[in-house]
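Next comes data24.csv, a file with CSV, C-alpha atoms and all ligand atoms.
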```
chain,number,residue,atom,x,y,z
R,1238,MET,CA,-31.0,-20.5,6.1
R,1239,ALA,CA,-31.3,-18.0,8.7
R,1240,THR,CA,-34.5,-17.4,10.4
R,1241,ALA,CA,-35.5,-13.9,11.1
R,1242,VAL,CA,-33.7,-13.5,14.3
R,1243,MET,CA,-33.7,-10.2,16.1
R,1244,VAL,CA,-30.4,-8.9,17.2
R,1245,PRO,CA,-30.6,-9.7,20.8
R,1246,VAL,CA,-31.4,-7.1,23.4
R,1247,VAL,CA,-28.8,-4.5,24.0
R,1248,VAL,CA,-26.8,-4.7,27.1
R,1249,THR,CA,-27.8,-1.5,28.7
R,1250,SER,CA,-25.4,-1.6,31.5
R,1251,ALA,CA,-24.2,1.8,30.4
R,1252,SER,CA,-20.5,1.1,30.2
R,1253,ALA,CA,-18.7,4.1,31.5
R,1254,ASP,CA,-16.9,3.9,28.2
R,1255,ASP,CA,-19.2,6.0,26.3
R,1256,THR,CA,-19.0,9.0,28.4
R,1257,ALA,CA,-16.1,10.3,26.5
R,1258,VAL,CA,-17.9,10.0,23.2
R,1259,SER,CA,-20.1,12.7,21.9
R,1260,GLY,CA,-22.4,12.5,19.0
R,1261,PRO,CA,-26.0,11.9,18.2
R,1262,ASP,CA,-26.1,8.3,17.5
R,1263,LYS,CA,-24.4,6.6,20.3
R,1264,ALA,CA,-26.9,6.5,23.0
R,1265,ALA,CA,-29.1,3.5,22.2
R,1266,GLU,CA,-26.5,1.7,20.0
R,1267,PRO,CA,-26.1,-2.0,20.7
R,1268,ARG,CA,-22.6,-2.5,21.5
R,1269,ILE,CA,-21.7,-4.8,18.9
R,1270,VAL,CA,-20.3,-7.1,20.6
R,1271,GLY,CA,-21.9,-6.4,23.8
R,1272,GLY,CA,-18.4,-5.4,24.8
R,1273,GLY,CA,-16.8,-2.2,25.9
R,1274,LYS,CA,-13.9,0.1,25.4
R,1275,ALA,CA,-10.5,-1.4,25.8
R,1276,SER,CA,-7.1,0.0,26.1
R,1277,VAL,CA,-4.0,-0.6,24.0
R,1278,SER,CA,-2.0,-0.8,27.2
R,1279,GLN,CA,-3.9,-3.8,28.2
R,1280,TYR,CA,-3.9,-5.2,24.7
R,1281,PRO,CA,-0.7,-3.8,23.1
R,1282,TYR,CA,-0.7,-6.4,20.4
R,1283,ALA,CA,-4.1,-5.3,19.0
R,1284,VAL,CA,-3.5,-3.3,15.8
R,1285,PHE,CA,-5.5,-2.2,12.8
R,1286,LEU,CA,-4.9,-2.0,9.1
R,1287,ALA,CA,-5.6,1.3,7.3
R,1288,ASP,CA,-5.6,2.0,3.6
R,1289,ARG,CA,-3.6,4.8,1.9
R,1290,SER,CA,-6.2,7.3,2.9
R,1291,GLY,CA,-6.0,6.3,6.5
R,1292,ASN,CA,-9.3,4.4,6.7
R,1293,GLN,CA,-9.3,1.5,9.1
R,1294,TYR,CA,-10.5,-1.6,7.2
R,1295,CYS,CA,-9.5,-4.6,9.3
R,1296,GLY,CA,-7.9,-5.7,12.5
R,1297,ALA,CA,-4.7,-7.5,13.0
R,1298,VAL,CA,-2.4,-8.8,15.8
R,1299,ILE,CA,1.3,-8.4,16.5
R,1300,VAL,CA,3.0,-11.8,16.7
R,1301,SER,CA,6.6,-10.7,16.7
R,1302,SER,CA,8.5,-7.4,16.6
R,1303,THR,CA,8.3,-7.4,12.8
R,1304,THR,CA,5.1,-9.4,11.9
R,1305,ILE,CA,1.4,-9.2,12.3
R,1306,ALA,CA,-1.2,-11.9,11.7
R,1307,THR,CA,-4.5,-11.0,10.0
R,1308,ALA,CA,-7.2,-12.5,7.8
R,1309,ALA,CA,-6.3,-13.5,4.3
R,1310,HIS,CA,-9.4,-11.6,3.1
R,1311,CYS,CA,-8.0,-8.5,4.7
R,1312,ALA,CA,-4.5,-9.0,3.1
R,1313,VAL,CA,-5.9,-9.4,-0.4
R,1314,ALA,CA,-8.3,-6.4,0.0
R,1315,VAL,CA,-5.7,-3.6,-0.3
R,1316,LYS,CA,-2.4,-3.5,-2.3
R,1317,LYS,CA,0.6,-4.1,-0.2
R,1318,ASN,CA,2.1,-0.7,-0.9
R,1319,ASP,CA,-1.1,0.9,0.3
R,1320,VAL,CA,-1.4,-0.9,3.6
R,1321,ARG,CA,-0.6,0.9,6.9
R,1322,VAL,CA,-0.2,-1.1,10.1
R,1323,VAL,CA,-1.3,1.1,12.9
R,1324,ALA,CA,-0.2,0.1,16.4
R,1325,GLY,CA,-0.5,1.7,19.8
R,1326,ARG,CA,-3.5,3.8,18.7
R,1327,GLU,CA,-6.7,3.2,20.8
R,1328,ASP,CA,-8.7,6.0,19.2
R,1329,LYS,CA,-8.6,6.0,15.4
R,1330,ARG,CA,-9.1,9.8,15.4
R,1331,THR,CA,-5.7,10.4,17.1
R,1332,ARG,CA,-2.2,10.0,15.7
R,1333,ASP,CA,-1.0,8.0,18.7
R,1334,GLY,CA,1.4,5.1,18.3
R,1335,VAL,CA,3.1,4.2,15.1
R,1336,GLU,CA,2.1,3.6,11.4
R,1337,LEU,CA,4.3,1.2,9.5
R,1338,ARG,CA,4.3,0.1,5.9
R,1339,VAL,CA,4.4,-3.5,4.8
R,1340,SER,CA,7.4,-5.1,3.2
R,1341,LYS,CA,6.0,-8.6,2.7
R,1342,VAL,CA,2.7,-10.3,2.7
R,1343,TRP,CA,2.2,-14.1,3.1
R,1344,VAL,CA,-1.3,-15.4,2.4
R,1345,SER,CA,-2.1,-19.0,3.2
R,1346,PRO,CA,-1.6,-20.7,-0.1
R,1347,ASP,CA,-4.8,-22.7,0.6
R,1348,TYR,CA,-6.9,-19.6,0.9
R,1349,SER,CA,-9.6,-19.8,-1.8
R,1350,GLY,CA,-10.8,-16.3,-1.9
R,1351,ASP,CA,-13.8,-17.2,0.2
R,1352,PRO,CA,-13.4,-16.9,4.0
R,1353,GLY,CA,-16.3,-19.4,4.3
R,1354,LYS,CA,-14.0,-22.1,2.9
R,1355,GLY,CA,-11.3,-21.6,5.5
R,1356,ASP,CA,-7.5,-20.9,5.5
R,1357,ASP,CA,-8.4,-17.2,6.1
R,1358,ILE,CA,-5.0,-16.2,7.4
R,1359,ALA,CA,-2.1,-14.0,6.4
R,1360,VAL,CA,1.0,-12.7,7.9
R,1361,MET,CA,2.5,-9.3,7.1
R,1362,THR,CA,6.0,-8.2,7.7
R,1363,VAL,CA,6.4,-4.6,8.5
R,1364,SER,CA,9.1,-2.1,7.5
R,1365,GLY,CA,10.7,-1.3,10.8
R,1366,GLN,CA,9.9,-2.6,14.3
R,1367,LEU,CA,6.7,-2.7,16.3
R,1368,PRO,CA,7.5,-1.4,19.7
R,1369,TYR,CA,4.7,-3.3,21.4
R,1370,ARG,CA,4.4,-6.7,23.1
R,1371,PRO,CA,3.4,-9.5,20.7
R,1372,ALA,CA,0.7,-12.0,21.5
R,1373,LYS,CA,1.7,-15.6,22.1
R,1374,VAL,CA,0.5,-17.8,19.2
R,1375,ALA,CA,-1.5,-21.0,20.1
R,1376,ASP,CA,0.0,-24.2,18.8
R,1377,ASN,CA,-0.9,-27.9,18.8
R,1378,GLY,CA,-0.1,-28.0,22.5
R,1379,ASN,CA,-2.9,-25.6,23.3
R,1380,ALA,CA,-5.9,-27.9,22.6
R,1381,ASP,CA,-7.3,-26.9,26.0
R,1382,LEU,CA,-7.8,-23.3,24.9
R,1383,TYR,CA,-10.2,-24.5,22.3
R,1384,GLU,CA,-12.5,-26.4,24.6
R,1385,GLU,CA,-16.2,-25.6,24.5
R,1386,GLY,CA,-17.0,-22.8,27.0
R,1387,THR,CA,-13.5,-21.3,27.2
R,1388,LYS,CA,-13.9,-17.6,27.7
R,1389,ALA,CA,-12.1,-15.8,24.9
R,1390,THR,CA,-11.7,-12.1,24.2
R,1391,VAL,CA,-12.3,-10.6,20.8
R,1392,LEU,CA,-10.8,-7.2,20.0
R,1393,GLY,CA,-11.4,-4.7,17.3
R,1394,TRP,CA,-12.4,-1.3,15.9
R,1395,GLY,CA,-15.3,-2.7,13.8
R,1396,ARG,CA,-19.0,-2.0,13.7
R,1397,VAL,CA,-20.8,-1.7,17.0
R,1398,ALA,CA,-24.0,-3.1,15.5
R,1399,ASP,CA,-24.9,-5.2,12.5
R,1400,GLY,CA,-25.0,-2.6,9.8
R,1401,GLY,CA,-24.0,0.1,12.3
R,1402,ALA,CA,-21.1,2.5,12.6
R,1403,ARG,CA,-17.5,1.5,13.1
R,1404,SER,CA,-16.1,2.2,16.5
R,1405,ASP,CA,-13.5,5.0,16.9
R,1406,TYR,CA,-12.1,3.1,19.9
R,1407,LEU,CA,-10.7,-0.3,20.4
R,1408,ARG,CA,-13.4,-2.5,21.9
R,1409,SER,CA,-13.3,-5.9,23.5
R,1410,ALA,CA,-15.9,-8.5,24.3
R,1411,VAL,CA,-15.8,-11.9,25.9
R,1412,VAL,CA,-17.3,-14.8,24.0
R,1413,PRO,CA,-17.2,-18.5,24.9
R,1414,VAL,CA,-15.7,-21.0,22.5
R,1415,VAL,CA,-18.5,-23.0,20.8
R,1416,SER,CA,-18.2,-26.8,20.1
R,1417,ASP,CA,-17.4,-28.0,16.6
R,1418,LYS,CA,-20.8,-29.8,16.6
R,1419,THR,CA,-22.7,-26.7,17.3
R,1420,CYS,CA,-20.8,-24.6,14.9
R,1421,ARG,CA,-21.3,-27.2,12.2
R,1422,THR,CA,-25.0,-26.9,12.7
R,1423,ALA,CA,-24.8,-23.1,12.3
R,1424,TYR,CA,-22.5,-23.2,9.2
R,1425,SER,CA,-22.5,-26.1,6.8
R,1426,GLY,CA,-19.1,-25.2,5.5
R,1427,TYR,CA,-17.5,-25.2,9.0
R,1428,ASP,CA,-14.2,-27.1,9.1
R,1429,PRO,CA,-13.0,-27.8,12.6
R,1430,SER,CA,-9.4,-28.4,11.4
R,1431,ASP,CA,-8.8,-24.7,10.6
R,1432,MET,CA,-11.8,-22.8,12.0
R,1433,VAL,CA,-13.2,-22.2,15.5
R,1434,CYS,CA,-16.5,-20.6,16.6
R,1435,ALA,CA,-17.2,-18.4,19.6
R,1436,GLY,CA,-20.4,-16.7,20.8
R,1437,TYR,CA,-23.4,-17.2,23.0
R,1438,PRO,CA,-26.3,-19.3,21.9
R,1439,GLU,CA,-28.6,-16.3,22.3
R,1440,GLY,CA,-26.2,-14.0,20.5
R,1441,GLY,CA,-25.7,-10.4,21.6
R,1442,VAL,CA,-22.0,-10.5,21.7
R,1443,ASP,CA,-19.8,-10.8,18.6
R,1444,ALA,CA,-17.3,-9.5,16.2
R,1445,CYS,CA,-18.7,-7.6,13.2
R,1446,GLN,CA,-17.6,-5.9,10.0
R,1447,GLY,CA,-14.3,-4.2,10.4
R,1448,ASP,CA,-13.2,-6.5,13.1
R,1449,SER,CA,-12.0,-9.1,10.6
R,1450,GLY,CA,-8.4,-10.0,10.9
R,1451,GLY,CA,-8.4,-9.1,14.6
R,1452,PRO,CA,-7.5,-11.3,17.5
R,1453,LEU,CA,-9.5,-13.8,19.6
R,1454,MET,CA,-7.4,-14.2,22.8
R,1455,VAL,CA,-7.3,-16.5,25.8
R,1456,GLY,CA,-5.2,-14.6,28.2
R,1457,ASP,CA,-2.1,-13.6,26.3
R,1458,THR,CA,-2.5,-16.4,23.7
R,1459,LEU,CA,-3.9,-15.8,20.3
R,1460,ILE,CA,-6.3,-18.6,19.4
R,1461,GLY,CA,-8.3,-17.1,16.6
R,1462,ILE,CA,-8.5,-14.5,13.8
R,1463,VAL,CA,-11.8,-12.9,13.1
R,1464,SER,CA,-12.9,-14.4,9.8
R,1465,PHE,CA,-16.7,-14.4,9.1
R,1466,GLY,CA,-20.2,-15.0,10.3
R,1467,GLU,CA,-23.8,-14.6,9.3
R,1468,GLY,CA,-24.5,-11.1,10.3
R,1469,CYS,CA,-23.3,-10.1,13.8
R,1470,ALA,CA,-24.4,-11.2,17.2
R,1471,LYS,CA,-27.4,-13.2,15.9
R,1472,ALA,CA,-28.7,-16.1,18.0
R,1473,GLY,CA,-27.5,-19.4,16.6
R,1474,LYS,CA,-24.9,-17.7,14.4
R,1475,PRO,CA,-21.6,-17.5,16.4
R,1476,GLY,CA,-18.6,-15.7,15.0
R,1477,VAL,CA,-16.2,-17.9,13.0
R,1478,TYR,CA,-12.5,-17.5,13.5
R,1479,THR,CA,-9.4,-18.9,11.8
R,1480,ARG,CA,-8.0,-21.6,14.2
R,1481,VAL,CA,-4.6,-20.2,14.8
R,1482,SER,CA,-3.0,-23.3,16.2
R,1483,HIS,CA,-3.4,-25.0,12.8
R,1484,PHE,CA,-1.1,-22.3,11.4
R,1485,SER,CA,1.5,-21.9,14.2
R,1486,ASN,CA,4.3,-23.3,12.0
R,1487,GLU,CA,3.6,-21.0,9.1
R,1488,ILE,CA,3.3,-18.0,11.4
R,1489,SER,CA,6.6,-18.8,13.1
R,1490,GLN,CA,8.2,-19.1,9.7
R,1491,GLN,CA,7.1,-15.6,8.8
R,1492,ASN,CA,8.4,-14.4,12.1
R,1493,GLY,CA,11.8,-15.4,10.7
R,1494,ARG,CA,12.8,-17.7,13.5
R,1495,LYS,CA,12.6,-21.4,14.1
R,1496,LEU,CA,9.9,-23.0,16.1
R,1497,ILE,CA,10.5,-22.8,19.8
R,1498,GLY,CA,9.7,-25.8,22.0
R,1501,LIG,C1,-17.1,-9.2,8.3
R,1501,LIG,O1,-17.8,-9.0,7.4
R,1501,LIG,C2,-17.5,-9.9,9.5
R,1501,LIG,N1,-20.0,-11.9,13.3
R,1501,LIG,C3,-16.7,-10.2,10.5
R,1501,LIG,C4,-17.1,-10.9,11.6
R,1501,LIG,C5,-18.4,-11.4,11.6
R,1501,LIG,C6,-19.2,-11.2,10.6
R,1501,LIG,C7,-18.8,-10.4,9.5
R,1501,LIG,C8,-18.8,-12.2,12.8
R,1501,LIG,O2,-15.9,-8.7,8.3
```

How does the structure come out when it is put into structure tokens?
Ligand code: 4AZ
Amino acid sequence: MATAVMVPVVVTSASADDTAVSGPDKAAEPRIVGGGKASVSQYPYAVFLADRSGNQYCGAVIVSSTTIATAAHCAVAVKKNDVRVVAGREDKRTRDGVELRVSKVWVSPDYSGDPGKGDDIAVMTVSGQLPYRPAKVADNGNADLYEEGTKATVLGWGRVADGGARSDYLRSAVVPVVSDKTCRTAYSGYDPSDMVCAGYPEGGVDACQGDSGGPLMVGDTLIGIVSFGEGCAKAGKPGVYTRVSHFSNEISQQNGRKLIG
């Protein structure tokens, strides 16, 4: 079980990113993920899922002009007809970009209902086209991207602190890929075949609630989908991601085209 670990010290390097934000509670807030504001022009494939009322509840990532990948636990949380895929919108408070409905939802048939048991992946087909560049999807030829220490970038609109507020803005943070052995120590249910962990031993940088379903990227290649973790940014408790390379065939199938080389 977890020891009483303090959320590691806040990175105070006042990212210029907060200057545009006003409000009482932002000043001393740990940046969840020790990250900073990110732009949808740099990460055009980063999208979010909203419910019928427009509330953002998960992240997702464009993988073709008609499909997005997300977590299975996000796909089953809201009825298909109530899901809105919001793309090209950096700031949730605006109406920038596009909002598309979902025509089809594929959830990994092995998903048990518990993200901790793996197979936490889904692909949604949108009604219409996503006018933004998709991420490349890691496959079995990308083993190098999963090596311990690889610097990966996690993106999302989720909480900026464990138990804290959700971000209005897209944020990004860099986290190193953690070895299977270390992750197994942190989570007894860790399965290296379909999960991958990322984070610093001392914590401080992580995905958090609301980031689920969002992308873990190495360059332009999607290697993970935010799945679960014990709390956020705790020492010894890295974030756990769905290992995308394990599902590259299924993702391609949903994209409606055959596997390319
Ligand atoms: C969540 O509840 C969640 N620190 C997502 C990511 C992490 C923890 C929780 C990883 O959606």

For range 1261-1308 of chain R against range 1407-1410 of chain R, with a cut-off of 10 Å and counting only C-alpha atoms, what is the closest atom pair and its distance in Å to one decimal for every residue that makes the cut, ordered by chain and number, as JSON lines?
```
{"residue": "R:Arg1268", "atom": "CA", "partner": "R:Arg1408", "partner_atom": "CA", "distance": 9.2}
{"residue": "R:Ile1269", "atom": "CA", "partner": "R:Ala1410", "partner_atom": "CA", "distance": 8.7}
{"residue": "R:Val1270", "atom": "CA", "partner": "R:Ala1410", "partner_atom": "CA", "distance": 5.9}
{"residue": "R:Gly1271", "atom": "CA", "partner": "R:Ala1410", "partner_atom": "CA", "distance": 6.4}
{"residue": "R:Gly1272", "atom": "CA", "partner": "R:Ala1410", "partner_atom": "CA", "distance": 4.0}
{"residue": "R:Gly1273", "atom": "CA", "partner": "R:Arg1408", "partner_atom": "CA", "distance": 5.3}
{"residue": "R:Lys1274", "atom": "CA", "partner": "R:Arg1408", "partner_atom": "CA", "distance": 4.4}
{"residue": "R:Ala1275", "atom": "CA", "partner": "R:Arg1408", "partner_atom": "CA", "distance": 5.0}
{"residue": "R:Ser1276", "atom": "CA", "partner": "R:Leu1407", "partner_atom": "CA", "distance": 6.7}
{"residue": "R:Val1277", "atom": "CA", "partner": "R:Leu1407", "partner_atom": "CA", "distance": 7.6}
{"residue": "R:Tyr1280", "atom": "CA", "partner": "R:Leu1407", "partner_atom": "CA", "distance": 9.4}
{"residue": "R:Ala1283", "atom": "CA", "partner": "R:Leu1407", "partner_atom": "CA", "distance": 8.4}
{"residue": "R:Val1284", "atom": "CA", "partner": "R:Leu1407", "partner_atom": "CA", "distance": 9.1}
{"residue": "R:Phe1285", "atom": "CA", "partner": "R:Leu1407", "partner_atom": "CA", "distance": 9.4}
{"residue": "R:Gly1296", "atom": "CA", "partner": "R:Leu1407", "partner_atom": "CA", "distance": 10.0}
```

Restrict the selected residues to C-alpha atoms and save them as a PDB file, in the coordinates of the input.
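The result, stored in again-v6.pdb:
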```pdb
ATOM      1  CA  ARG R1268     -22.600  -2.500  21.500  1.00  0.00           C
ATOM      2  CA  ILE R1269     -21.700  -4.800  18.900  1.00  0.00           C
ATOM      3  CA  VAL R1270     -20.300  -7.100  20.600  1.00  0.00           C
ATOM      4  CA  GLY R1271     -21.900  -6.400  23.800  1.00  0.00           C
ATOM      5  CA  GLY R1272     -18.400  -5.400  24.800  1.00  0.00           C
ATOM      6  CA  GLY R1273     -16.800  -2.200  25.900  1.00  0.00           C
ATOM      7  CA  LYS R1274     -13.900   0.100  25.400  1.00  0.00           C
ATOM      8  CA  ALA R1275     -10.500  -1.400  25.800  1.00  0.00           C
ATOM      9  CA  SER R1276      -7.100   0.000  26.100  1.00  0.00           C
ATOM     10  CA  VAL R1277      -4.000  -0.600  24.000  1.00  0.00           C
ATOM     11  CA  TYR R1280      -3.900  -5.200  24.700  1.00  0.00           C
ATOM     12  CA  ALA R1283      -4.100  -5.300  19.000  1.00  0.00           C
ATOM     13  CA  VAL R1284      -3.500  -3.300  15.800  1.00  0.00           C
ATOM     14  CA  PHE R1285      -5.500  -2.200  12.800  1.00  0.00           C
ATOM     15  CA  GLY R1296      -7.900  -5.700  12.500  1.00  0.00           C
TER      16      GLY R1296
END
```

Test item: residues lying within 7 Å of ligand LIG 1501 (chain R) with all atoms listed in the file, as a PyMOL selection string: chain R and resi 1443-1449+1463-1470+1475-1477

Two-atom distance - CA of Asp1328 in chain R, CA of Gly1450 in chain R (Å): 18.0 Å

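Considering all atoms listed in the file, the residue among R:Ser1416, R:Thr1479, R:Ser1364, R:Ser1340 positioned nearest to Pro1352 in chain R is R:Thr1479.
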
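Interatomic distance, CA of Glu1385 in chain R against CA of Ile1460 in chain R: 13.2 Å.
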
Of the listed residues R:Val1360, R:Ala1389, R:Lys1474, R:Leu1459, that which approaches Ala1375 in chain R most closely, counting all atoms listed in the file: R:Leu1459

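Nearest residue to Gly1493 in chain R among R:Lys1341, R:Arg1330, R:Lys1388, R:Arg1321 is R:Lys1341, counting all atoms listed in the file.
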
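If you measure from each of R:Ala1380, R:Ala1308, R:Val1323, R:Ala1398 to Asn1292 in chain R using all atoms listed in the file, the closest one turns out to be R:Val1323.
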
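Closest approach to Tyr1406 in chain R from the set R:Val1433, R:Ala1372, R:Thr1458, R:Gln1293 is made by R:Gln1293, with distances taken over only C-alpha atoms.
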
Polymer residues at most 12 Å from Tyr1348 in chain R, only C-alpha atoms, same-chain spacing of 2 or more positions, as a PyMOL selection string: chain R and resi 1308-1313+1343-1346+1350-1359+1431+1464+1479

Point-to-point distance in Å for CA of Ala1306 in chain R and CA of Ser1489 in chain R: 10.5 Å

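Using only C-alpha atoms, the smallest distance between any of R:Gly1291, R:Pro1429, R:Pro1413, R:Gly1440 and Val1481 in chain R comes from R:Pro1429.
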
For Ala1324 in chain R: contacts at 10 Å, all atoms listed in the file, fewer than 3 positions along chain excluded, given as an MDAnalysis selection string: chainID R and resid 1277 1281:1286 1297:1299 1321 1327 1333:1337 1367:1369

Selection: 8 Å around Thr1362 in chain R, all atoms listed in the file, excl. self and same-chain fewer than 6 positions, as a PyMOL selection string: chain R and resi 1303-1305+1339-1342+1491-1492

Let me have the centre and edge lengths in Å, one decimal, of the box along x, y and z around every listed atom of range 1421-1432 of chain R with 5 Å of margin on each side, as lines of an AutoDock Vina configuration file.
```
center_x = -16.9
center_y = -25.6
center_z = 9.1
size_x = 26.2
size_y = 15.6
size_z = 17.2
```
